[in-house]
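File shown: entry_5.txt (compact mmCIF, C-alpha atoms).
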# COMPACT_ATOMS: atom_id res chain seq x y z
CA MET A 1 -27.19 12.12 -11.83
CA ASP A 2 -25.57 15.54 -11.39
CA ILE A 3 -22.13 14.29 -10.39
CA LYS A 4 -20.88 17.62 -9.03
CA SER A 5 -23.92 18.12 -6.79
CA TYR A 6 -23.83 14.49 -5.66
CA MET A 7 -20.15 14.64 -4.73
CA GLU A 8 -20.57 17.93 -2.89
CA GLN A 9 -23.34 16.33 -0.85
CA VAL A 10 -21.07 13.36 -0.08
CA GLY A 11 -18.33 15.81 0.93
CA ARG A 12 -20.58 17.83 3.24
CA GLN A 13 -21.84 14.65 4.90
CA ALA A 14 -18.28 13.41 5.39
CA ARG A 15 -17.17 16.70 6.96
CA VAL A 16 -20.02 16.61 9.48
CA ALA A 17 -19.35 12.93 10.23
CA SER A 18 -15.63 13.58 10.73
CA ARG A 19 -16.36 15.80 13.72
CA ALA A 20 -18.44 13.06 15.34
CA MET A 21 -15.72 10.49 14.62
CA ALA A 22 -13.06 12.68 16.24
CA ARG A 23 -15.23 12.89 19.39
CA ALA A 24 -16.02 9.17 19.56
CA ASP A 25 -14.16 7.16 22.18
CA SER A 26 -11.98 4.17 21.39
CA ALA A 27 -14.48 1.61 22.70
CA THR A 28 -17.19 2.90 20.35
CA ARG A 29 -14.93 2.83 17.31
CA ASN A 30 -13.73 -0.68 18.20
CA ARG A 31 -17.35 -1.78 18.59
CA ALA A 32 -18.08 -0.68 15.03
CA LEU A 33 -15.10 -2.66 13.71
CA THR A 34 -16.18 -5.79 15.58
CA LEU A 35 -19.71 -5.52 14.19
CA ILE A 36 -18.43 -5.06 10.63
CA ALA A 37 -16.20 -8.15 10.96
CA ALA A 38 -19.16 -10.20 12.22
CA ALA A 39 -21.35 -8.98 9.36
CA ILE A 40 -18.72 -10.01 6.78
CA VAL A 41 -18.55 -13.52 8.25
CA ARG A 42 -22.36 -13.73 8.31
CA ASP A 43 -22.82 -12.52 4.73
CA ALA A 44 -19.76 -14.15 3.12
CA ASP A 45 -21.97 -15.99 0.60
CA LEU A 46 -23.61 -12.73 -0.50
CA LEU A 47 -20.18 -11.15 -0.94
CA ARG A 48 -18.99 -14.07 -3.07
CA ALA A 49 -22.11 -13.78 -5.23
CA ALA A 50 -21.53 -10.05 -5.74
CA ASN A 51 -17.90 -10.73 -6.58
CA ARG A 52 -18.90 -13.31 -9.19
CA LEU A 53 -20.96 -10.63 -10.96
CA ASP A 54 -17.92 -8.33 -11.00
CA LEU A 55 -15.60 -11.10 -12.24
CA ALA A 56 -17.98 -12.09 -15.03
CA ALA A 57 -18.18 -8.50 -16.25
CA ALA A 58 -14.41 -8.08 -15.96
CA GLU A 59 -13.69 -11.24 -17.96
CA ALA A 60 -16.17 -10.16 -20.63
CA ALA A 61 -14.41 -6.79 -20.81
CA GLY A 62 -11.06 -8.55 -21.33
CA LEU A 63 -9.33 -7.32 -18.17
CA ALA A 64 -5.74 -8.47 -17.74
CA PRO A 65 -4.98 -11.49 -15.52
CA ALA A 66 -3.24 -9.27 -12.95
CA MET A 67 -6.40 -7.17 -12.62
CA LEU A 68 -8.61 -10.26 -12.35
CA ASP A 69 -6.33 -11.54 -9.59
CA ARG A 70 -6.74 -8.29 -7.67
CA LEU A 71 -10.49 -8.34 -8.18
CA THR A 72 -11.08 -11.89 -6.92
CA LEU A 73 -12.58 -12.11 -3.44
CA SER A 74 -11.45 -15.60 -2.42
CA ASP A 75 -12.25 -17.35 0.85
CA ALA A 76 -8.73 -16.46 1.99
CA ALA A 77 -9.29 -12.81 1.08
CA ILE A 78 -12.52 -12.70 3.10
CA ALA A 79 -10.79 -14.32 6.06
CA THR A 80 -7.93 -11.82 5.78
CA MET A 81 -10.38 -8.89 5.78
CA VAL A 82 -11.98 -10.17 8.96
CA GLU A 83 -8.63 -10.86 10.59
CA GLY A 84 -7.43 -7.39 9.58
CA LEU A 85 -10.40 -5.74 11.30
CA GLN A 86 -9.90 -7.86 14.41
CA GLN A 87 -6.23 -6.93 14.49
CA ILE A 88 -7.06 -3.23 14.14
CA VAL A 89 -9.31 -3.54 17.19
CA THR A 90 -6.37 -4.81 19.26
CA LEU A 91 -4.05 -1.97 18.23
CA ALA A 92 -3.46 0.91 20.60
CA ASP A 93 -5.65 3.90 19.82
CA PRO A 94 -3.36 6.74 18.73
CA ILE A 95 -5.98 9.50 19.00
CA GLY A 96 -5.44 11.89 21.91
CA GLU A 97 -2.01 10.49 22.74
CA ILE A 98 0.25 13.26 24.07
CA SER A 99 4.01 12.93 23.64
CA ASN A 100 7.26 14.90 23.88
CA MET A 101 6.09 16.95 26.88
CA LYS A 102 8.76 19.44 27.96
CA PHE A 103 8.95 22.29 30.49
CA ARG A 104 10.10 25.57 28.99
CA PRO A 105 12.01 28.25 30.91
CA SER A 106 8.82 30.32 31.01
CA GLY A 107 7.10 27.61 33.08
CA ILE A 108 4.76 26.34 30.37
CA GLN A 109 4.68 22.69 29.28
CA VAL A 110 4.72 22.01 25.52
CA GLY A 111 3.90 18.70 23.86
CA GLN A 112 2.20 17.17 20.86
CA MET A 113 -1.19 15.47 20.59
CA ARG A 114 -2.06 12.95 17.89
CA VAL A 115 -5.29 13.84 16.07
CA PRO A 116 -7.27 12.55 13.05
CA LEU A 117 -6.60 14.03 9.62
CA GLY A 118 -10.35 14.62 9.13
CA VAL A 119 -11.82 13.44 5.81
CA ILE A 120 -9.81 11.02 3.69
CA GLY A 121 -10.72 10.35 0.06
CA ILE A 122 -9.51 6.98 -1.20
CA ILE A 123 -9.48 6.12 -4.92
CA TYR A 124 -8.67 2.55 -5.89
CA GLU A 125 -9.02 0.01 -8.67
CA ALA A 126 -10.23 -3.59 -8.29
CA ARG A 127 -9.32 -5.11 -4.89
CA PRO A 128 -12.64 -5.02 -3.00
CA ASN A 129 -10.72 -5.84 0.20
CA VAL A 130 -9.45 -2.24 0.11
CA THR A 131 -13.00 -1.11 0.92
CA VAL A 132 -12.85 -2.90 4.27
CA ASP A 133 -9.17 -2.22 5.02
CA ALA A 134 -9.60 1.49 4.37
CA ALA A 135 -12.89 1.75 6.25
CA GLY A 136 -11.42 -0.07 9.25
CA LEU A 137 -8.31 2.07 9.51
CA CYS A 138 -10.24 5.31 9.05
CA ILE A 139 -12.79 4.35 11.71
CA LYS A 140 -10.09 3.36 14.20
CA SER A 141 -8.13 6.57 13.59
CA GLY A 142 -11.20 8.77 14.06
CA ASN A 143 -11.49 9.89 10.44
CA ALA A 144 -14.36 9.98 7.99
CA THR A 145 -13.69 8.56 4.54
CA ILE A 146 -15.05 8.72 1.01
CA LEU A 147 -14.26 5.55 -0.94
CA ARG A 148 -14.27 5.56 -4.72
CA GLY A 149 -13.61 2.02 -5.91
CA GLY A 150 -13.17 0.96 -9.50
CA SER A 151 -16.17 0.27 -11.72
CA GLU A 152 -14.99 -3.35 -12.08
CA ALA A 153 -15.75 -3.99 -8.37
CA ILE A 154 -18.98 -2.00 -8.04
CA HIS A 155 -21.24 -4.92 -7.00
CA CYS A 156 -18.88 -6.16 -4.30
CA ASN A 157 -18.15 -2.65 -3.02
CA ARG A 158 -21.85 -1.86 -2.71
CA ALA A 159 -22.40 -5.06 -0.73
CA LEU A 160 -19.47 -4.26 1.57
CA ALA A 161 -20.67 -0.67 2.00
CA LYS A 162 -23.96 -1.93 3.43
CA LEU A 163 -22.11 -4.06 5.99
CA VAL A 164 -19.87 -1.15 7.01
CA GLU A 165 -22.90 1.13 7.40
CA GLU A 166 -24.60 -1.55 9.50
CA GLY A 167 -21.60 -1.77 11.82
CA LEU A 168 -21.35 2.01 12.22
CA ALA A 169 -25.06 2.30 13.05
CA GLY A 170 -24.84 -0.56 15.53
CA ALA A 171 -22.09 1.29 17.40
CA GLY A 172 -23.97 4.59 17.35
CA LEU A 173 -21.64 6.27 14.88
CA PRO A 174 -22.79 8.33 11.86
CA ALA A 175 -23.54 6.29 8.75
CA HIS A 176 -21.77 8.92 6.64
CA ALA A 177 -18.46 8.27 8.38
CA VAL A 178 -17.75 5.80 5.55
CA GLN A 179 -19.31 6.52 2.16
CA VAL A 180 -18.77 4.44 -0.95
CA VAL A 181 -19.30 6.56 -4.06
CA ASP A 182 -22.29 4.95 -5.75
CA THR A 183 -21.47 5.78 -9.35
CA THR A 184 -18.95 4.49 -11.85
CA ASP A 185 -18.82 7.85 -13.66
CA ARG A 186 -15.17 8.96 -13.81
CA ALA A 187 -16.29 12.54 -13.24
CA ALA A 188 -16.74 11.58 -9.57
CA VAL A 189 -12.96 11.24 -9.26
CA GLY A 190 -12.44 14.70 -10.73
CA ALA A 191 -14.88 16.16 -8.22
CA LEU A 192 -13.43 14.29 -5.24
CA ILE A 193 -9.86 15.49 -5.84
CA THR A 194 -10.90 19.12 -6.19
CA MET A 195 -12.91 19.54 -2.96
CA PRO A 196 -10.35 20.79 -0.41
CA GLN A 197 -13.19 22.38 1.55
CA TYR A 198 -14.47 18.88 2.36
CA VAL A 199 -11.53 16.51 1.84
CA ASP A 200 -8.23 16.78 3.75
CA VAL A 201 -6.14 14.16 1.95
CA ILE A 202 -6.45 11.83 -1.06
CA VAL A 203 -5.00 8.30 -1.02
CA PRO A 204 -4.90 6.80 -4.53
CA ARG A 205 -4.36 3.06 -5.01
CA GLY A 206 -4.19 2.19 -8.67
CA GLY A 207 -2.20 2.10 -11.86
CA LYS A 208 0.36 4.58 -13.03
CA GLY A 209 -2.14 6.30 -15.32
CA LEU A 210 -4.52 7.02 -12.45
CA ILE A 211 -1.77 8.37 -10.20
CA ALA A 212 -0.35 10.55 -12.98
CA ARG A 213 -3.79 12.04 -13.59
CA LEU A 214 -4.29 12.80 -9.91
CA ILE A 215 -0.86 14.41 -9.57
CA GLU A 216 -1.78 16.74 -12.42
CA GLU A 217 -5.35 17.56 -11.39
CA SER A 218 -5.70 17.24 -7.61
CA THR A 219 -6.02 20.32 -5.41
CA VAL A 220 -6.06 18.11 -2.31
CA PRO A 221 -2.78 16.78 -0.78
CA MET A 222 -2.03 13.11 -1.55
CA ILE A 223 -0.38 10.09 0.05
CA LYS A 224 0.67 8.03 -2.98
CA HIS A 225 3.07 5.84 -4.86
CA LEU A 226 3.41 5.67 -8.61
CA ASP A 227 4.66 2.10 -9.04
CA GLY A 228 6.57 -0.74 -7.43
CA ILE A 229 9.84 -1.40 -9.23
CA CYS A 230 11.26 -3.61 -6.47
CA HIS A 231 14.72 -5.20 -6.44
CA VAL A 232 16.37 -8.16 -4.79
CA TYR A 233 20.18 -8.07 -4.68
CA ILE A 234 21.99 -11.39 -4.10
CA ASP A 235 25.30 -10.43 -2.53
CA ALA A 236 28.62 -12.25 -2.97
CA LYS A 237 28.30 -13.54 0.59
CA ALA A 238 24.71 -14.73 0.30
CA ASP A 239 23.51 -18.14 1.42
CA VAL A 240 22.54 -19.78 -1.89
CA GLY A 241 19.59 -21.65 -0.36
CA LYS A 242 18.14 -18.48 1.17
CA ALA A 243 18.79 -16.54 -2.02
CA SER A 244 16.95 -19.05 -4.21
CA ALA A 245 13.92 -19.28 -1.92
CA ILE A 246 13.62 -15.52 -1.45
CA ALA A 247 14.18 -14.56 -5.09
CA PHE A 248 11.62 -17.15 -6.22
CA ASN A 249 9.01 -16.04 -3.67
CA ALA A 250 9.57 -12.33 -4.31
CA LYS A 251 8.74 -12.84 -8.01
CA CYS A 252 6.32 -15.75 -8.13
CA HIS A 253 4.21 -15.54 -4.96
CA ARG A 254 1.94 -13.07 -6.79
CA TYR A 255 2.63 -11.16 -9.97
CA GLY A 256 0.10 -8.34 -9.76
CA THR A 257 1.20 -6.61 -6.56
CA CYS A 258 3.32 -3.51 -6.02
CA ASN A 259 5.74 -5.36 -3.70
CA THR A 260 6.62 -8.05 -6.26
CA MET A 261 10.27 -8.13 -7.36
CA GLU A 262 10.72 -6.84 -10.91
CA THR A 263 14.55 -6.78 -11.11
CA LEU A 264 17.03 -9.30 -9.76
CA LEU A 265 20.62 -8.14 -9.21
CA VAL A 266 23.31 -10.77 -8.63
CA ALA A 267 26.93 -10.30 -7.57
CA ARG A 268 29.29 -11.57 -10.28
CA SER A 269 31.19 -13.96 -8.03
CA ILE A 270 28.08 -15.86 -6.91
CA ALA A 271 26.10 -15.72 -10.17
CA PRO A 272 27.33 -19.12 -11.51
CA SER A 273 26.21 -20.80 -8.28
CA VAL A 274 22.77 -19.22 -7.88
CA LEU A 275 21.39 -18.14 -11.27
CA PRO A 276 21.13 -21.58 -12.97
CA GLU A 277 19.33 -22.98 -9.93
CA LEU A 278 16.96 -20.02 -9.87
CA ALA A 279 16.31 -20.42 -13.59
CA LYS A 280 15.10 -23.97 -12.94
CA LEU A 281 12.63 -22.63 -10.35
CA TYR A 282 11.41 -19.85 -12.64
CA LEU A 283 10.94 -22.38 -15.43
CA THR A 284 8.28 -24.14 -13.33
CA LYS A 285 6.27 -20.90 -13.56
CA GLU A 286 7.30 -20.12 -17.16
CA VAL A 287 8.76 -16.77 -16.11
CA GLU A 288 10.32 -14.80 -18.98
CA LEU A 289 13.83 -13.67 -18.07
CA ARG A 290 15.10 -10.41 -19.57
CA ALA A 291 18.82 -10.58 -18.94
CA ASP A 292 21.88 -8.41 -19.43
CA PRO A 293 24.71 -9.85 -21.64
CA GLU A 294 26.49 -11.67 -18.79
CA ALA A 295 23.31 -13.27 -17.50
CA LEU A 296 22.30 -14.17 -21.06
CA ALA A 297 25.52 -16.13 -21.50
CA LEU A 298 25.17 -17.83 -18.13
CA LEU A 299 21.54 -18.85 -18.75
CA ALA A 300 21.95 -19.93 -22.40
CA GLY A 301 19.40 -22.63 -23.16
CA TYR A 302 16.67 -21.29 -20.89
CA PRO A 303 13.52 -21.36 -23.09
CA HIS A 304 12.08 -17.97 -22.07
CA LEU A 305 15.24 -15.84 -22.30
CA VAL A 306 15.29 -12.33 -23.81
CA ALA A 307 17.97 -9.65 -23.97
CA ALA A 308 17.19 -6.82 -21.55
CA THR A 309 16.96 -3.22 -22.71
CA ASP A 310 17.35 -0.06 -20.62
CA GLU A 311 13.57 0.19 -20.54
CA ASP A 312 13.36 -3.09 -18.63
CA TRP A 313 15.15 -1.62 -15.62
CA GLN A 314 12.41 1.04 -15.48
CA THR A 315 9.41 -1.26 -15.89
CA GLU A 316 6.90 -2.61 -13.39
CA TYR A 317 5.77 -5.76 -15.21
CA LEU A 318 3.03 -7.06 -12.88
CA ALA A 319 3.42 -10.26 -14.86
CA ALA A 320 5.59 -13.41 -15.16
CA ILE A 321 8.54 -11.37 -16.43
CA LEU A 322 11.78 -10.65 -14.56
CA SER A 323 14.76 -8.52 -15.51
CA ILE A 324 18.19 -9.79 -14.37
CA LYS A 325 21.49 -7.96 -14.14
CA ILE A 326 24.88 -9.19 -12.94
CA VAL A 327 26.74 -6.52 -10.97
CA ASP A 328 30.27 -6.25 -9.68
CA GLY A 329 29.19 -6.00 -6.07
CA LEU A 330 27.40 -3.93 -3.43
CA ASP A 331 28.36 -0.49 -4.75
CA GLU A 332 27.02 -1.19 -8.23
CA ALA A 333 23.87 -2.79 -6.82
CA ILE A 334 23.08 0.22 -4.63
CA ASP A 335 23.78 2.60 -7.50
CA HIS A 336 21.50 0.64 -9.83
CA ILE A 337 18.68 0.53 -7.27
CA ASN A 338 18.87 4.23 -6.44
CA THR A 339 18.86 4.99 -10.18
CA TYR A 340 15.97 2.77 -11.28
CA SER A 341 13.99 1.92 -8.15
CA SER A 342 10.60 3.49 -7.55
CA HIS A 343 11.66 3.75 -3.87
CA HIS A 344 9.05 1.20 -2.80
CA THR A 345 10.81 -1.93 -1.50
CA ASP A 346 14.28 -3.37 -2.08
CA ALA A 347 16.07 -6.32 -0.45
CA ILE A 348 19.58 -7.69 -0.01
CA ILE A 349 20.41 -11.36 0.52
CA THR A 350 23.70 -11.62 2.40
CA GLU A 351 25.45 -13.13 5.41
CA ASP A 352 27.76 -10.08 5.59
CA TYR A 353 26.55 -7.87 8.45
CA SER A 354 28.47 -4.81 7.23
CA ALA A 355 27.07 -5.14 3.72
CA ALA A 356 23.56 -5.47 5.14
CA LEU A 357 23.92 -2.28 7.20
CA ARG A 358 25.30 -0.34 4.24
CA PHE A 359 22.36 -1.51 2.12
CA LEU A 360 19.88 -0.43 4.82
CA ARG A 361 21.50 3.00 5.16
CA GLU A 362 22.15 3.79 1.53
CA VAL A 363 19.17 2.41 -0.40
CA ASP A 364 16.64 5.24 -0.57
CA SER A 365 13.37 3.29 -0.41
CA ALA A 366 10.33 3.22 1.86
CA SER A 367 11.05 -0.40 2.88
CA VAL A 368 14.55 -1.91 2.84
CA MET A 369 15.01 -5.57 3.77
CA VAL A 370 17.74 -8.03 4.69
CA ASN A 371 17.25 -11.73 3.90
CA ALA A 372 13.47 -11.46 3.39
CA SER A 373 11.09 -11.41 0.43
CA THR A 374 9.85 -8.05 -0.81
CA ARG A 375 6.35 -9.54 -0.58
CA PHE A 376 6.44 -8.77 3.15
CA ALA A 377 6.13 -5.02 2.41
CA ASP A 378 2.52 -4.93 3.50
CA GLY A 379 0.63 -3.29 6.37
CA PHE A 380 -0.87 -6.58 7.52
CA GLU A 381 2.53 -8.31 7.55
CA TYR A 382 4.07 -5.31 9.37
CA GLY A 383 1.51 -5.64 12.17
CA LEU A 384 -0.45 -2.53 11.24
CA GLY A 385 -3.69 -4.54 11.09
CA ALA A 386 -4.18 -3.46 7.50
CA GLU A 387 -2.96 -0.67 5.30
CA ILE A 388 -4.63 2.17 3.48
CA GLY A 389 -1.87 2.13 0.88
CA ILE A 390 1.88 2.21 0.50
CA SER A 391 3.64 5.53 0.09
CA ASN A 392 7.01 5.99 -1.53
CA ASP A 393 6.82 9.71 -0.90
CA LYS A 394 8.88 11.15 1.94
CA LEU A 395 6.07 13.34 3.33
CA HIS A 396 3.73 12.89 5.23
CA ALA A 397 3.89 9.11 5.51
CA ARG A 398 6.31 6.56 4.03
CA GLY A 399 5.91 2.83 3.45
CA PRO A 400 2.72 0.97 4.43
CA VAL A 401 0.28 3.55 5.81
CA GLY A 402 -1.52 2.34 8.92
CA LEU A 403 -3.08 4.15 11.86
CA ASP A 404 -0.27 6.62 12.55
CA GLY A 405 -0.14 7.59 8.88
CA LEU A 406 -3.81 8.62 9.08
CA THR A 407 -3.18 11.04 11.92
CA SER A 408 -1.36 14.30 12.42
CA LEU A 409 0.18 16.09 15.37
CA LYS A 410 -0.81 19.39 16.91
CA TYR A 411 1.02 21.24 19.65
CA VAL A 412 -0.62 21.43 23.06
CA VAL A 413 0.46 23.83 25.80
CA PHE A 414 -0.25 23.57 29.54
CA GLY A 415 0.21 26.73 31.55
CA HIS A 416 -0.14 27.81 35.16
CA GLY A 417 -1.03 31.42 34.63
CA GLU A 418 2.18 32.36 32.78
CA VAL A 419 2.24 35.44 30.56
CA ARG A 420 4.91 36.22 28.02
CA GLN A 421 7.42 38.86 29.12

Can the structure from this file be put into structure tokens for me?
Amino acid sequence: MDIKSYMEQVGRQARVASRAMARADSATRNRALTLIAAAIVRDADLLRAANRLDLAAAEAAGLAPAMLDRLTLSDAAIATMVEGLQQIVTLADPIGEISNMKFRPSGIQVGQMRVPLGVIGIIYEARPNVTVDAAGLCIKSGNATILRGGSEAIHCNRALAKLVEEGLAGAGLPAHAVQVVDTTDRAAVGALITMPQYVDVIVPRGGKGLIARLIEESTVPMIKHLDGICHVYIDAKADVGKASAIAFNAKCHRYGTCNTMETLLVARSIAPSVLPELAKLYLTKEVELRADPEALALLAGYPHLVAATDEDWQTEYLAAILSIKIVDGLDEAIDHINTYSSHHTDAIITEDYSAALRFLREVDSASVMVNASTRFADGFEYGLGAEIGISNDKLHARGPVGLDGLTSLKYVVFGHGEVRQ
């Protein structure tokens, strides 16, 4: 296969399809989503079989447990994909919405209309559910999309691509509105990120190495995040019961996700009350604790205890490892987070309203939480129906990227015959 020629063909087809998608009405786009959801339910057994082929190949290749976890298409994951599509259908259609209308002294009215971005290229590793989440959000927001999944999920992605194409055709929309790149050759990524004539934005979802490569090579704008170094800070005025439950869930609910806590900060005055109890919980999951000198002394006897280094504060483990630091209070916690955080998601556990508001204002992250697990930083949990990714950039979108993040605004002007004087 001539990768460059193939990708240019995919790009041309996507550009043509994007114009049809922008014209399509909301009912038609919703019809496509409903048909795709029904097809996934109907062919769930075929999807599981395709996923088993991917998992067998991944295990033979020695992929890490975190990657295998992302790759697995469980019954719950299939149900969540379907529910995500159904939720997207119920969301208000942003396309064509006009806002901020104002009369100007000249007599004209000026406002802004929400419009699709056009063609969105999405590059991701493992996680076959991303194929459906991304397709659904792009269809709803009137965009065309080119999906380049990882080679480890090729069988499942091909099976899902057929169901998406079936749903588009059933609704009378162009089949090329959603295209899954049908090659595992890495050269396809290089071509996709250097086609600004066909692709309007790239959304990468993958490891740090992938994102770093795209930052260096892409000539197309990106919505991205490098990693998820997420923090939970247990404040001096925290409820110990809430703190234990949240800090355990934020670390142990799933290890291989970007919204998993990687560093736990604890106020010095409450550390003796909360850390030993948390250590007992972490022991049930055999979590390795990498602790600063104070926490080391407090947790002496814990079987999986290691002295933390400066590198630990800068590491996204994606594993059963947690770094712990005891801080003097809120000021030191905020300073530590703003120094080492990847600006993804950070949380405070406190009953002090003033401390909570300061944390919300001063922590410079895409999602900032009070008394909740960082695992909630997710488009589905935020009511976006699904997400195309999570951005810790400040432009153009920030946090979980749902429908609004896949649109742009253009100015619209209504006149009554006015001419400029």

With distances taken over all atoms listed in the file, which of A:Ile146, A:Ile324, A:Met222, A:Val266 is nearest to Tyr198 in chain A?
->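 So, comparing all the options, the nearest one is A:Ile146.
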
From A:Gly172, A:Gly228, A:Gly142, A:Gly405, residue lying nearest Thr315 in chain A [all atoms listed in the file] =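 Result for the nearest residue to Thr315 in chain A: A:Gly228.
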
Which neighbours of Tyr255 in chain A fall inside 9 Å, counting all atoms listed in the file, when residues of the same chain fewer than 4 positions from it are skipped, and could you give them as a list of chain:residue names?
->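 The residues that qualify are A:Ala66, A:Asp69, A:Lys251, A:Thr260, A:Met261, A:Tyr317, A:Leu318, A:Ala319, A:Ala320, A:Ile321.
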
Please, what distance in Å, to one decimal, runs between CA of Arg48 in chain A and CA of Gly383 in chain A?
->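 Interatomic distance here is 26.9 Å.
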
Leaving out Asp331 in chain A and any residue of its chain fewer than 2 positions from it, which residues lie within 10 Å of it when counting all atoms listed in the file, given as a list in words?
-> Val327, Asp328, Gly329, Ala333, Ile334, Asp335, His336, Ala355, Arg358, Phe359 and Glu362 of chain A

May I have the residues from that selection written out with C-alpha atoms, as a compact mmCIF listing (two decimals), keeping the file's coordinate frame?
# COMPACT_ATOMS: atom_id res chain seq x y z
CA VAL A 327 26.74 -6.52 -10.97
CA ASP A 328 30.27 -6.25 -9.68
CA GLY A 329 29.19 -6.00 -6.07
CA ALA A 333 23.87 -2.79 -6.82
CA ILE A 334 23.08 0.22 -4.63
CA ASP A 335 23.78 2.60 -7.50
CA HIS A 336 21.50 0.64 -9.83
CA ALA A 355 27.07 -5.14 3.72
CA ARG A 358 25.30 -0.34 4.24
CA PHE A 359 22.36 -1.51 2.12
CA GLU A 362 22.15 3.79 1.53

Looking at all atoms listed in the file, which of A:Leu160, A:Leu289, A:Ala37, A:Ile154 is the one that sits closest to Asp185 in chain A?
->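 Smallest separation from Asp185 in chain A among the options: A:Ile154.
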
Mind giving me the straight-line distance from CA of Glu165 in chain A to CA of Ala134 in chain A in Å, one decimal?
->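 Taking CA of Glu165 in chain A as the start and CA of Ala134 in chain A as the end point, the length is 13.6 Å.
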
Distance query Asp93 in chain A at most 10 Å, all atoms listed in the file, self and fewer than 3 positions along chain excluded, as a list in words | Asp25, Ser26, Ala27, Arg29, Asn30, Ile88, Val89, Thr90, Gly96, Glu97, Arg114, Lys140, Ser141, Gly142, Leu403 and Asp404 of chain A

Out of A:Arg158, A:Ile78, A:Ser373, A:Pro293, which residue has the shortest atom-to-atom distance to Val41 in chain A when counting all atoms listed in the file?
->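 Answer, going by the shortest atom-to-atom distance: A:Ile78.
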
Take CA of Val110 in chain A and CA of Val199 in chain A and report the distance between them in Å, one decimal.
->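 Going from CA of Val110 in chain A over to CA of Val199 in chain A covers 29.2 Å.
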
From A:Val401, A:Val220, A:Leu283, A:Ile139, residue lying nearest Ile388 in chain A [only C-alpha atoms] |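 Once distances to Ile388 in chain A are computed over only C-alpha atoms, the minimum belongs to A:Val401.
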
Which of these residues is nearest to Thr374 in chain A, using all atoms listed in the file: A:Glu262, A:Asp75, A:Asp54, A:Glu316?
->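 For Thr374 in chain A, the nearest of the given residues is A:Glu262.
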